[in-house]
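**Student:** There's a structure below that I have some questions on.
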Amino acid sequence: MRNYMKSEWYRVTRGKGFYLAFAVMAGLVLGLNLVLAAMMMGDPQYKYATVRFSLNTFTAQGFLVIAMGAVIPGVLTIDDRRNGVLKNAAGYGISREKILMGKCVVSFLVSFVLLLGVLAVYVGSAFLLLREPEWLPLQEMLLCILSNLPSAVGSLILMQVLGILCKKEMTTVLIWTVVYYIVPTVFRLAGFQYPLLKNVADWMPYNVLNPVMVTFSEYHCIWDTPEGFGKLMIMGAAAIVIFLGFGLWRIRKQEF
Amino acid sequence: MQAVAAQTRNLTKYYQGFCALNQVSIQVGRGEIFGLIGDNGAGKTTLLKALAGQIFPSEGEMALFGEWENLDPMRKRMGTLIEEPGFYPQLSVEKNLEYYRIQRGVPGKGETEEILEIIGLQDARKKKASSLSLGMKQRLGLGIALMGTPELLVLDEPINGLDPSGIVEMRKLLERLNREKKITILISSHILSELEQIATVYGFLKKGKLLEQISAGELEKKCADYVEIRVSDPERYTVLLEQKIGHRAYQVMPDGRIYVKTPGLETEAYSHLASQGGLEVRELTRYHQSLEEYYLNLKKGGDQK
């Protein structure tokens with residue numbers, strides 16, 4: 001499996017997708033801070049041109065961490081099956097389980113490296129370009145990432161499993177969307193009628209992270225309380241166990 | 001050294017009730033070039049995919065290098081090119097080969113260079129794989145299969161999409177790999193005339209069933225040419241055949257036709273023999289069965305069964 005992981009790492013870091021993903025994400029956050037800085041030049045008292053506003057834009061979207069957990073590996077590996085590289089790996093005697101595990105580990109590492117890079121650009125440019133530098137928004141942002149990291153890994157695993165199982169990329173994206181957006185929404189809505197379904201809906205990331213409120217003066221974030229933080233950890237761990245277990249069971253007999 | 005590179009025993013594969021492979025038993029000896037012949041849907045690709053571990057057989061068993069149980073480690077001694085070649089279209093030729101070199105734990109970049117030379121893509125090493133012509137893609141696919149110095153190459157229609165000179169190059173390359181590197185080759189192809197030039201053993205498949213496995217030598221004997229001759233006096237002619245030429249391998253049919261098997265002389269010599277004996281030659285034809293004809297006849301026989 002080590003050789004497989006090394007080859008995947010080589011492939012990802014030698015491909016344009018990795019650098020393109022970094023350029024797009026870093027460009028977006030840098031663009032946000034540049035726009036705010038430009039507004040501040042016109043109006044020195046422009047109230048949104050602060051480090052707090054910039055970083056809170058991310059913190060208020062906790063689900064973004066989970067979505068990115070799927071998007072980055074999706075961009076980098078989604079067409080592996082269509083390209084015929086999975087059948088080559090299987091033909092070389094690399095077990096399906098090792099292929100899945102190798103892909104998950106490498107895409108986690110790649111995503112993590114990208115995250116660190118983009119964060120450096122995001123936070124660095126905010127502190128350099130904007131007013132009122134302070135540590136609390138950064139602390140909240142890091143806590144948001146940390147508490148959603150297990151769920152992001154779960155989302156990444158699901159994406160990889162689907163990438164191996166589904167022949168078409170669109171099917172992969174569609175199923176991921178159904179699992180992470182549609183099902184939680186349906187459960188939440190049905191929960192208004194049936195309390196039991198509400199209990200289930202309350203353990204789904206999309207529903208849990210929706211009520212996160214971040215304003216200029218205060219934070220109402222689920223990860224700020226030990227119970228909330230614990231819940232996110234349990235949800236993430238459950239996602240990892242469920243999707244990895246399903247993946248390992250299902251791909252064992254996957255034909256290419 | 002094991003004598004058998006790959007073997008199947010009653011290998012069967014169903015796809016949603018459809019039997020793609022029906023109790024196929026083949027044996028690919030070490031050092032052989034095994035040509036798999038069959039129409040579309042005969043089960044060639046299914047058989048190759050099963051050996052490569054890309055699909056799982058419904059019934060039966062298979063062995064690689066004498067191992068029947070734990071096949072994955074044995075597959076590390078195999079190289080495969082089945083259906084479309086598998087590579088990353090956005091990576092260059094060289095990077096694709098490097099990817100597989102690392103995956104197969106081959107140390108140093110020497111093998112990538114060697115393979116680039118073998119497949120003749122040195123000048124295209126920096127080209128994106130997606131921008132290659134169909135023939136070059138096939139060659140890259142073969143290069144990937146060759147990475148890690150396999151002992152058994154499993155190739156499914158490797159000359160698909162190649163131009164005539166590409167076909168000749170591929171044939172020569174496979175012959176060279178078999179001769180110099182002692183690589184066993186299991187190859188399927190629609191182009192029987194090409195297969196005829198390199199295969200040492202043939203397997204004929206039809207509708208998922210193996211009709212016959214036969215060595216090139218045996219096939220040559222079966223396809224050996226013969227002369228069909230009709231003369232005014234068949235009995236007298238057979239005497240001349242035995243006395244003048246010393247040829248005893250002939251058959252006289254009830255209608256008087258004579259089949260001279262494995263004739264060693266030019267066709268004209270047989271008519272000359274009749275003239276010498278004062279016999280009238282009414283018909284003289286020389287036959288030689290090609291692989292294609294043999295396959296078609298075999299298939300026809302299969303149809304009648």
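A note on labels: chains of the structure tokens are A, B, ... as shown, every chain counts residues from 1, and ligands are counted from 1 in their shown order.
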Taking the backbone alone, and naming residues the way the document does, which bits of range 46-255 of chain B are strand (DSSP E or B) by DSSP, as a ChimeraX atom specification?
**Tutor:** /B:59-64,67,78-81,92,128,152-156,184-188,201-206,209-215,226-231,250-252
**Student:** Kindly provide, as a list in words, the residues of chain B having any atom no farther than 7 Å from an atom of chain A, counting only C-alpha atoms.
**Tutor:**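 Residues passing the distance filter: Ala52, Gly53, Gln54, Ile55, Asp72, Pro73, Arg75, Lys76, Met78, Gly79, Thr80, Pro85, Gly86, Phe87, Tyr88, Leu91, Tyr99, Tyr100, Ile102, Gln103, Arg104 and Gly105 of chain B.
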**Student:** Would you compute the distance between CA of Asn96 in chain B and CA of Met147 in chain B? Give it in Å to one decimal.
**Tutor:**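 It comes out at 10.9 Å.
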**Student:** Hey, what's within 10 Å of Glu97 in chain A if we count only C-alpha atoms and toss same-chain stuff fewer than 4 positions away? As a PDB file with N, CA and C atoms, in the first residue's frame, please?
**Tutor:**
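Writing done, so here's out23.pdb:
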```pdb
ATOM      1  N   MET A   1       0.833  -1.210   0.000  1.00  0.00           N
ATOM      2  CA  MET A   1       0.000   0.000   0.000  1.00  0.00           C
ATOM      3  C   MET A   1       0.864   1.255   0.000  1.00  0.00           C
ATOM      4  N   MET A 101      -8.058   2.616   0.776  1.00  0.00           N
ATOM      5  CA  MET A 101      -7.348   3.191   1.928  1.00  0.00           C
ATOM      6  C   MET A 101      -6.252   4.156   1.448  1.00  0.00           C
ATOM      7  N   GLY A 102      -5.519   3.724   0.434  1.00  0.00           N
ATOM      8  CA  GLY A 102      -4.439   4.570  -0.096  1.00  0.00           C
ATOM      9  C   GLY A 102      -4.979   5.885  -0.613  1.00  0.00           C
ATOM     10  N   LYS A 103      -6.091   5.820  -1.321  1.00  0.00           N
ATOM     11  CA  LYS A 103      -6.674   7.044  -1.875  1.00  0.00           C
ATOM     12  C   LYS A 103      -7.142   7.966  -0.756  1.00  0.00           C
ATOM     13  N   LEU A 244     -16.460   4.299   5.726  1.00  0.00           N
ATOM     14  CA  LEU A 244     -15.304   3.429   5.482  1.00  0.00           C
ATOM     15  C   LEU A 244     -15.740   1.959   5.528  1.00  0.00           C
ATOM     16  N   GLY A 247     -17.661   1.244   2.456  1.00  0.00           N
ATOM     17  CA  GLY A 247     -16.746   1.215   1.310  1.00  0.00           C
ATOM     18  C   GLY A 247     -15.952  -0.079   1.262  1.00  0.00           C
ATOM     19  N   LEU A 248     -15.362  -0.456   2.384  1.00  0.00           N
ATOM     20  CA  LEU A 248     -14.533  -1.662   2.409  1.00  0.00           C
ATOM     21  C   LEU A 248     -15.357  -2.908   2.104  1.00  0.00           C
ATOM     22  N   TRP A 249     -16.599  -2.899   2.586  1.00  0.00           N
ATOM     23  CA  TRP A 249     -17.477  -4.051   2.324  1.00  0.00           C
ATOM     24  C   TRP A 249     -17.909  -4.085   0.856  1.00  0.00           C
ATOM     25  N   ARG A 250     -18.259  -2.916   0.344  1.00  0.00           N
ATOM     26  CA  ARG A 250     -18.850  -2.855  -0.990  1.00  0.00           C
ATOM     27  C   ARG A 250     -17.819  -3.001  -2.114  1.00  0.00           C
ATOM     28  N   ILE A 251     -16.625  -2.466  -1.927  1.00  0.00           N
ATOM     29  CA  ILE A 251     -15.670  -2.499  -3.055  1.00  0.00           C
ATOM     30  C   ILE A 251     -14.932  -3.823  -3.169  1.00  0.00           C
ATOM     31  N   ARG A 252     -15.089  -4.664  -2.153  1.00  0.00           N
ATOM     32  CA  ARG A 252     -14.370  -5.944  -2.178  1.00  0.00           C
ATOM     33  C   ARG A 252     -14.676  -6.716  -3.466  1.00  0.00           C
TER      34      ARG A 252
END
```
**Student:** Could you name the residues that touch range 218-221 of chain B at 9 Å or less, counting only C-alpha atoms, but leaving out those on the same chain fewer than 3 positions away, as a compact mmCIF listing (two decimals) with C-alpha atoms, in the first residue's frame?
**Tutor:**
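In the end it all went to result_3.txt:
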```txt
# COMPACT_ATOMS: atom_id res chain seq x y z
CA VAL B 201 -0.66 -21.77 -29.12
CA TYR B 202 -4.25 -20.88 -29.99
CA ILE B 214 -4.24 -26.21 -30.05
CA SER B 215 -0.54 -25.62 -30.51
CA ALA B 224 -1.41 -28.70 -44.04
CA ASP B 225 -2.12 -28.27 -47.69
CA THR B 262 1.07 -32.97 -47.54
CA LEU B 291 -5.94 -19.84 -39.64
CA TYR B 294 -9.65 -23.13 -39.83
```
**Student:** Could you tell me which of B:Leu240, B:Ile115, B:Val227, B:Ile82 comes closest to Leu177 in chain B if we count only C-alpha atoms?
**Tutor:**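 Checking each of B:Leu240, B:Ile115, B:Val227, B:Ile82 against Leu177 in chain B, counting only C-alpha atoms, the winner is B:Ile115.
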**Student:** List every residue of range 52-207 of chain A that DSSP, applied to the backbone, labels as helix (DSSP H, G or I), and write the result as a PyMOL selection string.
**Tutor:** chain A and resi 52-59+63-77+85-91+96-129+136-165+169-191+195-201+205-207
**Student:** What's the 8 Å shell around Ile229 in chain B, counting only C-alpha atoms, without same-chain residues fewer than 2 positions away, as a list in words?
**Tutor:**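 Close residues of Ile229 in chain B: Val227, Val231, Arg257, Ile258, Tyr259, Val260, Val281, Arg282, Glu283, Leu284 and Thr285 of chain B.
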**Student:** Between A:Leu142, A:Val51, A:Ile234, A:Leu165, single out the one closest to Phe127 in chain A, counting only C-alpha atoms.
**Tutor:** A:Val51
**Student:** In Å, how far is it from CA of Glu151 in chain B to CA of Met136 in chain B?
**Tutor:** 23.3 Å
**Student:** I want to know what sits within 10 Å of Leu114 in chain A, based on only C-alpha atoms, with residues of the same chain fewer than 2 positions away left out; could you give that as a PyMOL selection string?
**Tutor:** chain A and resi 18-19+21-23+25-26+72+108-112+116-120
**Student:** Restricted to N, CA and C atoms, what would the selected residues look like written as a PDB file, in the first residue's frame?
**Tutor:**
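Everything below was put into again00.pdb:
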```
ATOM      1  N   PHE A  18      -3.861  19.968  -8.602  1.00  0.00           N
ATOM      2  CA  PHE A  18      -3.448  20.339  -7.256  1.00  0.00           C
ATOM      3  C   PHE A  18      -3.163  21.848  -7.179  1.00  0.00           C
ATOM      4  N   TYR A  19      -2.391  22.330  -8.145  1.00  0.00           N
ATOM      5  CA  TYR A  19      -2.001  23.743  -8.141  1.00  0.00           C
ATOM      6  C   TYR A  19      -3.172  24.647  -8.537  1.00  0.00           C
ATOM      7  N   ALA A  21      -6.320  23.923  -7.903  1.00  0.00           N
ATOM      8  CA  ALA A  21      -7.209  23.965  -6.733  1.00  0.00           C
ATOM      9  C   ALA A  21      -6.693  24.988  -5.732  1.00  0.00           C
ATOM     10  N   PHE A  22      -5.370  24.968  -5.525  1.00  0.00           N
ATOM     11  CA  PHE A  22      -4.787  25.937  -4.594  1.00  0.00           C
ATOM     12  C   PHE A  22      -4.973  27.364  -5.121  1.00  0.00           C
ATOM     13  N   ALA A  23      -4.703  27.549  -6.405  1.00  0.00           N
ATOM     14  CA  ALA A  23      -4.807  28.892  -6.995  1.00  0.00           C
ATOM     15  C   ALA A  23      -6.239  29.419  -6.883  1.00  0.00           C
ATOM     16  N   MET A  25      -8.716  28.492  -4.741  1.00  0.00           N
ATOM     17  CA  MET A  25      -9.140  28.753  -3.349  1.00  0.00           C
ATOM     18  C   MET A  25      -8.379  29.931  -2.737  1.00  0.00           C
ATOM     19  N   ALA A  26      -7.067  29.929  -2.962  1.00  0.00           N
ATOM     20  CA  ALA A  26      -6.274  31.041  -2.425  1.00  0.00           C
ATOM     21  C   ALA A  26      -6.696  32.341  -3.106  1.00  0.00           C
ATOM     22  N   ILE A  72     -12.157  18.665  -2.817  1.00  0.00           N
ATOM     23  CA  ILE A  72     -10.740  18.576  -3.210  1.00  0.00           C
ATOM     24  C   ILE A  72     -10.389  17.174  -3.731  1.00  0.00           C
ATOM     25  N   PHE A 108      -6.487  12.860   1.995  1.00  0.00           N
ATOM     26  CA  PHE A 108      -6.529  13.612   3.250  1.00  0.00           C
ATOM     27  C   PHE A 108      -5.269  14.478   3.371  1.00  0.00           C
ATOM     28  N   LEU A 109      -4.121  13.869   3.089  1.00  0.00           N
ATOM     29  CA  LEU A 109      -2.861  14.623   3.198  1.00  0.00           C
ATOM     30  C   LEU A 109      -2.843  15.800   2.225  1.00  0.00           C
ATOM     31  N   VAL A 110      -3.279  15.534   1.000  1.00  0.00           N
ATOM     32  CA  VAL A 110      -3.289  16.596  -0.015  1.00  0.00           C
ATOM     33  C   VAL A 110      -4.247  17.717   0.401  1.00  0.00           C
ATOM     34  N   SER A 111      -5.427  17.318   0.866  1.00  0.00           N
ATOM     35  CA  SER A 111      -6.408  18.325   1.292  1.00  0.00           C
ATOM     36  C   SER A 111      -5.863  19.134   2.460  1.00  0.00           C
ATOM     37  N   PHE A 112      -5.175  18.441   3.368  1.00  0.00           N
ATOM     38  CA  PHE A 112      -4.639  19.123   4.544  1.00  0.00           C
ATOM     39  C   PHE A 112      -3.553  20.138   4.141  1.00  0.00           C
ATOM     40  N   LEU A 116      -3.784  24.139   4.689  1.00  0.00           N
ATOM     41  CA  LEU A 116      -2.767  24.955   5.373  1.00  0.00           C
ATOM     42  C   LEU A 116      -2.320  26.109   4.480  1.00  0.00           C
ATOM     43  N   GLY A 117      -2.115  25.796   3.201  1.00  0.00           N
ATOM     44  CA  GLY A 117      -1.673  26.828   2.260  1.00  0.00           C
ATOM     45  C   GLY A 117      -2.705  27.930   2.111  1.00  0.00           C
ATOM     46  N   VAL A 118      -3.951  27.518   1.933  1.00  0.00           N
ATOM     47  CA  VAL A 118      -5.014  28.507   1.721  1.00  0.00           C
ATOM     48  C   VAL A 118      -5.229  29.329   2.999  1.00  0.00           C
ATOM     49  N   LEU A 119      -5.151  28.646   4.157  1.00  0.00           N
ATOM     50  CA  LEU A 119      -5.306  29.373   5.430  1.00  0.00           C
ATOM     51  C   LEU A 119      -4.221  30.424   5.609  1.00  0.00           C
ATOM     52  N   ALA A 120      -2.999  30.042   5.215  1.00  0.00           N
ATOM     53  CA  ALA A 120      -1.880  30.988   5.344  1.00  0.00           C
ATOM     54  C   ALA A 120      -2.161  32.239   4.513  1.00  0.00           C
TER      55      ALA A 120
END
```
